[in-house]
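Read through the structure below, which is laid out as structure tokens, and then see the notes.
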Amino acid sequence: MINRVELEGFTIFRNNVIDFIGPGLNIVIGKNSTGKSLLFKLLYSVIYVLHRKGELNKEELRGEMAKKIKNVFMVDKIGRLTTRIQGNKRTKVTIKFSHGEIVFEFSTRHEKSVDITKLEVDRLQDAIFIPPKEVVSMLSRGFVSLYEDYQIMSEVYYDLAKRLEKPLPKGKKEGNIADLLKVLQESDLEQLDRIYVKDKEFYTYVAGVGNLESKLLAEGYRKLLMLIYLIKNKEIKRGAYLFWDEPEVNLNPSLIKVIIKIMFLLSRKFKMQLFVATHDYFVIKYSDLIAKQNKYPLKFFSLYLNNENKLQVENAKELYDLKHNAIIEEFEEVYNLDAQIIMDHVNKGRV
């Protein structure tokens, strides 16, 4: 599990320390351009490479780390990720795990490698990154081969597509997987458990309709189907890391609740460490309520800019203990505006 991240001179992170919980759910909020996706992409890239640690010597590891970060961020050279302020030319990243630590650096002149100054960590479990846009509808249109010829978007999409190409195993479902899928039954979404793939096209059975291509499902259902498939084909493993950037995109609040329940169950039954970046009130509120109801481990993080335009990180185990909460602030503004309009109507005798 990731215990602590220290970032110096990395994009918007000038000098920040973040302490995560795990196994459990870590929710990161903040206005646009406060570094939520940047943080997740960096951590994902590092874990992705360290998962292969036994296959690579230190020199190969330096090159693979730079290559992965470059492809995930879609930059020409890794040095482009160094904070661009006068006098700063170097980035230092420290990630402390439950057992071990990695420290590496790179400068504005680095292109094909990083300088690993400390590497005392065992091979890690794998990491999965789920981006805002769903991927299942792209697979039958040759997305994987297209990406391999032309890097058309961040490599997180390619990585996810490759995982979704893995077929389902035969035999009886494992107990933990069966328990997770009960959440679908409780939410009248059993059809998303009836997944199969033919010619790289995802199908699911819908009562009264029959077998339906995933493209004909609403995008919100496709995102949930994607999560279920990754659980069933065992790409989501015990002790793994899951990063999900804006799960709320194209999701009805009722589906958000289902996804939150599944993620908490993954943290408990699979001992996973999960990271969510969100702008959505329902995500943070459902998470807070479900965690309290079931005593699930949960931690909130707020990224914000101070009066000097420097990034700050605040954390709390209780939602309303955050002093800087851009989501709640906007929600309260809408609520207050609604109340003011009602009062104006009352004062004018319209109600």
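Ordering of the structure tokens sets the chain letters (A, B, ...); residue numbers start at 1 within each chain; ligands are numbered from 1 in the order shown.
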Discussion item. Which residues are near range 75-91 of chain A? Cut-off 12 Å, only C-alpha atoms, ignore same chain within fewer than 2 positions. Put them as a PyMOL selection string.
Written reply: chain A and resi 6-15+35+38-39+41-42+62-73+93-94+103-116+151+153-155+310-311
Filtering to N, CA and C atoms, could you give me those residues as a compact mmCIF listing (two decimals), in the first residue's frame?
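For reference, result_25.txt as written:
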```txt
# COMPACT_ATOMS: atom_id res chain seq x y z
N GLU A 6 5.71 12.24 -1.48
CA GLU A 6 6.35 13.55 -1.34
C GLU A 6 6.75 14.03 -2.73
N LEU A 7 6.24 15.19 -3.11
CA LEU A 7 6.48 15.70 -4.46
C LEU A 7 7.15 17.07 -4.37
N GLU A 8 8.28 17.19 -5.05
CA GLU A 8 9.00 18.46 -5.11
C GLU A 8 9.22 18.83 -6.57
N GLY A 9 8.65 19.94 -6.98
CA GLY A 9 8.87 20.42 -8.34
C GLY A 9 8.24 19.57 -9.42
N PHE A 10 7.11 18.92 -9.11
CA PHE A 10 6.40 18.13 -10.11
C PHE A 10 5.13 18.87 -10.54
N THR A 11 5.13 19.36 -11.77
CA THR A 11 4.02 20.15 -12.31
C THR A 11 3.58 21.21 -11.30
N ILE A 12 2.32 21.14 -10.85
CA ILE A 12 1.79 22.13 -9.92
C ILE A 12 2.23 21.86 -8.48
N PHE A 13 2.76 20.66 -8.20
CA PHE A 13 3.17 20.28 -6.85
C PHE A 13 4.60 20.78 -6.60
N ARG A 14 4.71 21.89 -5.88
CA ARG A 14 6.04 22.46 -5.63
C ARG A 14 6.74 21.76 -4.47
N ASN A 15 5.99 21.55 -3.40
CA ASN A 15 6.57 20.88 -2.23
C ASN A 15 5.41 20.40 -1.36
N GLY A 35 -4.44 19.49 -9.86
CA GLY A 35 -3.49 18.38 -9.86
C GLY A 35 -4.03 17.01 -9.53
N LEU A 38 -3.14 14.59 -12.39
CA LEU A 38 -1.68 14.53 -12.47
C LEU A 38 -1.12 13.60 -11.40
N LEU A 39 -1.64 13.74 -10.18
CA LEU A 39 -1.19 12.89 -9.07
C LEU A 39 -1.47 11.43 -9.35
N LYS A 41 -2.03 9.87 -12.23
CA LYS A 41 -1.27 9.35 -13.36
C LYS A 41 0.18 9.06 -12.98
N LEU A 42 0.74 9.91 -12.13
CA LEU A 42 2.12 9.67 -11.69
C LEU A 42 2.19 8.39 -10.86
N ARG A 62 15.13 2.56 -14.91
CA ARG A 62 15.22 4.01 -15.11
C ARG A 62 14.58 4.43 -16.43
N GLY A 63 14.87 3.65 -17.47
CA GLY A 63 14.32 3.97 -18.78
C GLY A 63 12.83 3.69 -18.88
N GLU A 64 12.39 2.56 -18.31
CA GLU A 64 10.97 2.20 -18.36
C GLU A 64 10.12 3.18 -17.55
N MET A 65 10.66 3.67 -16.44
CA MET A 65 9.92 4.63 -15.62
C MET A 65 9.68 5.91 -16.41
N ALA A 66 10.71 6.42 -17.06
CA ALA A 66 10.58 7.64 -17.86
C ALA A 66 9.64 7.42 -19.03
N LYS A 67 9.76 6.28 -19.70
CA LYS A 67 8.92 5.99 -20.86
C LYS A 67 7.45 5.91 -20.47
N LYS A 68 7.17 5.22 -19.36
CA LYS A 68 5.77 5.06 -18.94
C LYS A 68 5.16 6.41 -18.56
N ILE A 69 5.88 7.19 -17.78
CA ILE A 69 5.37 8.49 -17.37
C ILE A 69 5.15 9.37 -18.59
N LYS A 70 6.08 9.36 -19.52
CA LYS A 70 5.97 10.17 -20.74
C LYS A 70 4.72 9.79 -21.56
N ASN A 71 4.49 8.47 -21.70
CA ASN A 71 3.34 8.02 -22.50
C ASN A 71 2.01 8.26 -21.80
N VAL A 72 1.99 8.14 -20.49
CA VAL A 72 0.75 8.39 -19.74
C VAL A 72 0.38 9.87 -19.79
N PHE A 73 1.40 10.73 -19.70
CA PHE A 73 1.14 12.17 -19.70
C PHE A 73 1.15 12.77 -21.11
N VAL A 93 10.61 12.83 -6.62
CA VAL A 93 9.42 12.08 -6.24
C VAL A 93 9.82 11.02 -5.22
N THR A 94 9.16 11.03 -4.07
CA THR A 94 9.38 10.02 -3.03
C THR A 94 8.05 9.32 -2.75
N VAL A 103 12.70 6.52 -4.48
CA VAL A 103 12.98 7.94 -4.67
C VAL A 103 13.62 8.10 -6.05
N PHE A 104 13.06 8.96 -6.87
CA PHE A 104 13.69 9.22 -8.15
C PHE A 104 13.57 10.70 -8.50
N GLU A 105 14.45 11.13 -9.39
CA GLU A 105 14.49 12.52 -9.79
C GLU A 105 14.65 12.63 -11.29
N PHE A 106 14.25 13.77 -11.83
CA PHE A 106 14.54 14.09 -13.22
C PHE A 106 14.58 15.60 -13.36
N SER A 107 15.21 16.07 -14.40
CA SER A 107 15.35 17.51 -14.61
C SER A 107 14.72 17.91 -15.93
N THR A 108 14.74 19.19 -16.21
CA THR A 108 14.18 19.69 -17.46
C THR A 108 14.94 19.16 -18.67
N ARG A 109 16.15 18.66 -18.46
CA ARG A 109 16.94 18.14 -19.59
C ARG A 109 16.77 16.64 -19.80
N HIS A 110 16.09 15.97 -18.86
CA HIS A 110 15.91 14.52 -18.99
C HIS A 110 14.90 14.20 -20.09
N GLU A 111 15.23 13.18 -20.87
CA GLU A 111 14.34 12.75 -21.95
C GLU A 111 13.95 11.28 -21.84
N LYS A 112 14.93 10.39 -21.63
CA LYS A 112 14.67 8.96 -21.75
C LYS A 112 14.89 8.16 -20.47
N SER A 113 15.20 8.82 -19.37
CA SER A 113 15.41 8.07 -18.12
C SER A 113 15.21 9.00 -16.93
N VAL A 114 15.10 8.38 -15.74
CA VAL A 114 15.07 9.12 -14.48
C VAL A 114 16.26 8.67 -13.64
N ASP A 115 16.61 9.46 -12.66
CA ASP A 115 17.68 9.08 -11.72
C ASP A 115 17.03 8.45 -10.49
N ILE A 116 17.20 7.15 -10.32
CA ILE A 116 16.65 6.47 -9.14
C ILE A 116 17.70 6.51 -8.04
N GLN A 151 -0.04 6.93 -31.12
CA GLN A 151 -0.45 7.19 -29.74
C GLN A 151 -1.49 8.31 -29.76
N MET A 153 -4.03 8.91 -27.61
CA MET A 153 -4.46 9.46 -26.33
C MET A 153 -3.57 8.90 -25.23
N SER A 154 -3.82 9.30 -24.00
CA SER A 154 -3.00 8.84 -22.89
C SER A 154 -2.95 7.31 -22.85
N GLU A 155 -1.80 6.78 -22.47
CA GLU A 155 -1.61 5.33 -22.46
C GLU A 155 -2.50 4.61 -21.45
N LYS A 310 -0.10 28.89 -4.49
CA LYS A 310 0.66 27.67 -4.28
C LYS A 310 -0.28 26.54 -3.86
N LEU A 311 -0.04 25.36 -4.40
CA LEU A 311 -0.92 24.23 -4.12
C LEU A 311 -0.78 23.77 -2.67
```
Practice prompt. For Gly54 in chain A, please output as number ranges by chain all residues within 10 Å (counting only C-alpha atoms; exclusion window: fewer than 2 positions along the same chain).
Written response: A: 50-52, 56-57, 61, 122-124
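Between Ile130 in chain A and the candidates A:Glu165, A:Glu55, A:Glu148, A:Glu246, the tightest atom-to-atom separation, counting only C-alpha atoms, involves A:Glu246.
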Worksheet item: If you count only C-alpha atoms, which residues fall within 10 Å of Leu265 in chain A, apart from same-chain ones fewer than 5 positions away, as an MDAnalysis selection string?
Response: chainID A and resid 24 176:177 179:180 183 259:260 270:272 296
So that each row is one residue of range 219-317 of chain A with an atom at most 12 Å from range 137-144 of chain A, can you give its shortest atom pair and the distance in Å to one decimal, using only C-alpha atoms, rows by chain and rising number, as a Markdown table?
```
| residue | atom | partner | partner_atom | distance |
| --- | --- | --- | --- | --- |
| A:Glu219 | CA | A:Ser137 | CA | 9.0 |
| A:Gly220 | CA | A:Ser137 | CA | 12.0 |
| A:Tyr221 | CA | A:Ser137 | CA | 11.5 |
| A:Arg222 | CA | A:Ser137 | CA | 8.0 |
| A:Lys223 | CA | A:Ser137 | CA | 10.0 |
| A:Leu225 | CA | A:Ser137 | CA | 11.0 |
| A:Met226 | CA | A:Ser137 | CA | 10.0 |
```
Restricted to C-alpha atoms, what would the selected residues look like written as a compact mmCIF listing (two decimals), in the first residue's frame?
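Writing the result to result-v2.txt gives the following:
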```txt
# COMPACT_ATOMS: atom_id res chain seq x y z
CA GLU A 219 -22.51 5.04 -21.29
CA GLY A 220 -23.07 4.95 -17.55
CA TYR A 221 -24.03 1.26 -17.80
CA ARG A 222 -20.96 0.59 -19.95
CA LYS A 223 -18.70 2.03 -17.25
CA LEU A 225 -20.12 -3.18 -16.97
CA MET A 226 -16.42 -2.47 -17.43
```
Worksheet item: Residues at most 8 Å from Asp288 in chain A, counting only C-alpha atoms, excluding those fewer than 2 positions away in the same chain, as number ranges by chain?
Response: A: 284-286, 290-292, 298, 318-319
Worksheet item: Smallest atom-to-atom distance to Trp244 in chain A: which of A:Tyr205, A:Tyr304, A:Tyr320, A:Phe129, using only C-alpha atoms?
Response: A:Phe129
Discussion item. From the options A:Glu329, A:Glu248, A:Glu134, A:Asp280, which residue's atoms come nearest to Ser214 in chain A, counting only C-alpha atoms?
Written reply: A:Glu134
Counting only C-alpha atoms, what is within 12 Å of Lys182 in chain A, bar same-chain residues fewer than 5 positions away, as a PDB file with C-alpha atoms, in the first residue's frame?
```pdb
ATOM      1  CA  GLY A 175     -16.724 -16.442  -3.158  1.00  0.00           C
ATOM      2  CA  ASN A 176     -15.468 -12.860  -3.022  1.00  0.00           C
ATOM      3  CA  ILE A 177     -16.538 -12.202  -6.613  1.00  0.00           C
ATOM      4  CA  SER A 187     -29.832  -2.727  -7.368  1.00  0.00           C
ATOM      5  CA  ASP A 188     -31.822  -4.556 -10.086  1.00  0.00           C
ATOM      6  CA  LEU A 189     -28.769  -4.607 -12.370  1.00  0.00           C
ATOM      7  CA  GLU A 190     -28.353  -8.373 -12.727  1.00  0.00           C
ATOM      8  CA  GLN A 191     -28.061  -8.026 -16.509  1.00  0.00           C
ATOM      9  CA  LEU A 192     -24.611  -6.462 -16.114  1.00  0.00           C
ATOM     10  CA  ASP A 193     -23.438  -9.750 -14.591  1.00  0.00           C
ATOM     11  CA  ILE A 228     -17.711  -5.851 -13.325  1.00  0.00           C
ATOM     12  CA  VAL A 258     -23.592   1.032  -6.750  1.00  0.00           C
ATOM     13  CA  LYS A 261     -20.513   0.100  -2.677  1.00  0.00           C
ATOM     14  CA  ILE A 262     -18.441  -2.117  -4.972  1.00  0.00           C
ATOM     15  CA  LEU A 265     -16.200  -4.111  -0.912  1.00  0.00           C
TER      16      LEU A 265
END
```
Fill in: Backbone DSSP call of helix (DSSP H, G or I) for range 149-315 of chain A, listed as an MDAnalysis selection string
chainID A and resid 149 155:164 175:186 190:193 214:216 219:232 253:269 281:294
Those selected residues, please, written with C-alpha atoms and delivered as a short mmCIF file (atom, residue, chain, number, x, y, z; two decimals), in the first residue's frame.
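Written file, selection_21.cif:
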```cif
data_model
loop_
_atom_site.label_atom_id
_atom_site.label_comp_id
_atom_site.auth_asym_id
_atom_site.auth_seq_id
_atom_site.Cartn_x
_atom_site.Cartn_y
_atom_site.Cartn_z
CA ASP A 149 0.50 2.52 -34.53
CA GLU A 155 -1.61 5.33 -22.46
CA VAL A 156 -4.00 4.67 -19.56
CA TYR A 157 -6.71 4.01 -22.19
CA TYR A 158 -4.51 1.49 -24.00
CA ASP A 159 -3.59 -0.28 -20.75
CA LEU A 160 -7.23 -0.58 -19.78
CA ALA A 161 -8.22 -1.85 -23.23
CA LYS A 162 -5.59 -4.60 -23.03
CA ARG A 163 -6.97 -5.71 -19.68
CA LEU A 164 -10.49 -5.85 -21.08
CA GLY A 175 -16.72 -16.44 -3.16
CA ASN A 176 -15.47 -12.86 -3.02
CA ILE A 177 -16.54 -12.20 -6.61
CA ALA A 178 -19.97 -13.70 -6.01
CA ASP A 179 -20.38 -11.43 -2.96
CA LEU A 180 -19.48 -8.37 -4.99
CA LEU A 181 -21.97 -9.22 -7.69
CA LYS A 182 -24.77 -9.41 -5.10
CA VAL A 183 -24.63 -5.62 -5.10
CA LEU A 184 -25.94 -5.73 -8.68
CA GLN A 185 -28.84 -7.95 -7.69
CA GLU A 186 -29.79 -5.62 -4.86
CA GLU A 190 -28.35 -8.37 -12.73
CA GLN A 191 -28.06 -8.03 -16.51
CA LEU A 192 -24.61 -6.46 -16.11
CA ASP A 193 -23.44 -9.75 -14.59
CA SER A 214 -22.55 -2.70 -25.19
CA LYS A 215 -22.70 0.18 -27.69
CA LEU A 216 -26.49 0.16 -27.33
CA GLU A 219 -22.51 5.04 -21.29
CA GLY A 220 -23.07 4.95 -17.55
CA TYR A 221 -24.03 1.26 -17.80
CA ARG A 222 -20.96 0.59 -19.95
CA LYS A 223 -18.70 2.03 -17.25
CA LEU A 224 -20.26 -0.19 -14.61
CA LEU A 225 -20.12 -3.18 -16.97
CA MET A 226 -16.42 -2.47 -17.43
CA LEU A 227 -15.78 -2.59 -13.69
CA ILE A 228 -17.71 -5.85 -13.32
CA TYR A 229 -15.83 -7.44 -16.21
CA LEU A 230 -12.45 -6.51 -14.70
CA ILE A 231 -13.52 -8.20 -11.48
CA LYS A 232 -14.76 -11.31 -13.27
CA PRO A 253 -26.70 9.08 -8.88
CA SER A 254 -28.25 5.64 -8.36
CA LEU A 255 -25.39 4.06 -10.36
CA ILE A 256 -22.83 6.12 -8.45
CA LYS A 257 -24.10 4.51 -5.25
CA VAL A 258 -23.59 1.03 -6.75
CA ILE A 259 -20.02 1.84 -7.79
CA ILE A 260 -19.19 3.26 -4.35
CA LYS A 261 -20.51 0.10 -2.68
CA ILE A 262 -18.44 -2.12 -4.97
CA MET A 263 -15.27 -0.10 -4.35
CA PHE A 264 -15.68 -0.35 -0.59
CA LEU A 265 -16.20 -4.11 -0.91
CA LEU A 266 -13.02 -4.32 -3.00
CA SER A 267 -11.13 -2.56 -0.24
CA ARG A 268 -12.46 -4.97 2.39
CA LYS A 269 -12.58 -8.33 0.57
CA TYR A 281 -21.45 15.82 -4.59
CA PHE A 282 -23.10 12.38 -4.74
CA VAL A 283 -19.72 10.60 -4.86
CA ILE A 284 -18.42 12.25 -1.72
CA LYS A 285 -21.74 12.14 0.14
CA TYR A 286 -22.54 8.49 -0.66
CA SER A 287 -18.98 7.52 0.25
CA ASP A 288 -19.20 9.32 3.57
CA LEU A 289 -22.57 7.74 4.46
CA ILE A 290 -21.73 4.19 3.32
CA ALA A 291 -18.37 4.30 5.13
CA LYS A 292 -20.00 5.37 8.38
CA GLN A 293 -22.75 2.78 8.05
CA ASN A 294 -20.32 -0.12 7.47
#
```
Worksheet entry | Point-to-point distance in Å for CA of Lys234 in chain A and CA of Val197 in chain A |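 Answer for the CA of Val197 in chain A to CA of Lys234 in chain A separation: 15.2 Å.
CA of Ile29 in chain A is positioned 20.8 Å from CA of Ala127 in chain A.
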Practice prompt. Would you list, as a list in words, the residues of range 166-213 of chain A that end up in strand (DSSP E or B) under DSSP run on this structure's backbone?
Written response: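 Of range 166-213 of chain A, only Ile195, Tyr196, Val197, Lys198, Glu201, Phe202, Tyr203, Thr204, Tyr205, Val206, Gly210, Asn211, Leu212 and Glu213 of chain A fall in strand (DSSP E or B).
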Worksheet item: With only C-alpha atoms as the atoms that count, which of A:Tyr48, A:Phe243, A:Phe331, A:Phe20 lies nearest to Pro132 in chain A?
Response: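 Nearest to Pro132 in chain A: A:Phe243.
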Worksheet entry | For CA of Ala240 in chain A and CA of Pro297 in chain A, the interatomic separation in Å (one decimal) |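 Those two atoms sit 16.1 Å apart.
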Response to the item:
Among A:Phe97, A:Tyr196, A:Tyr44, A:Phe300, Lys166 in chain A is approached most closely, using only C-alpha atoms, by A:Tyr196
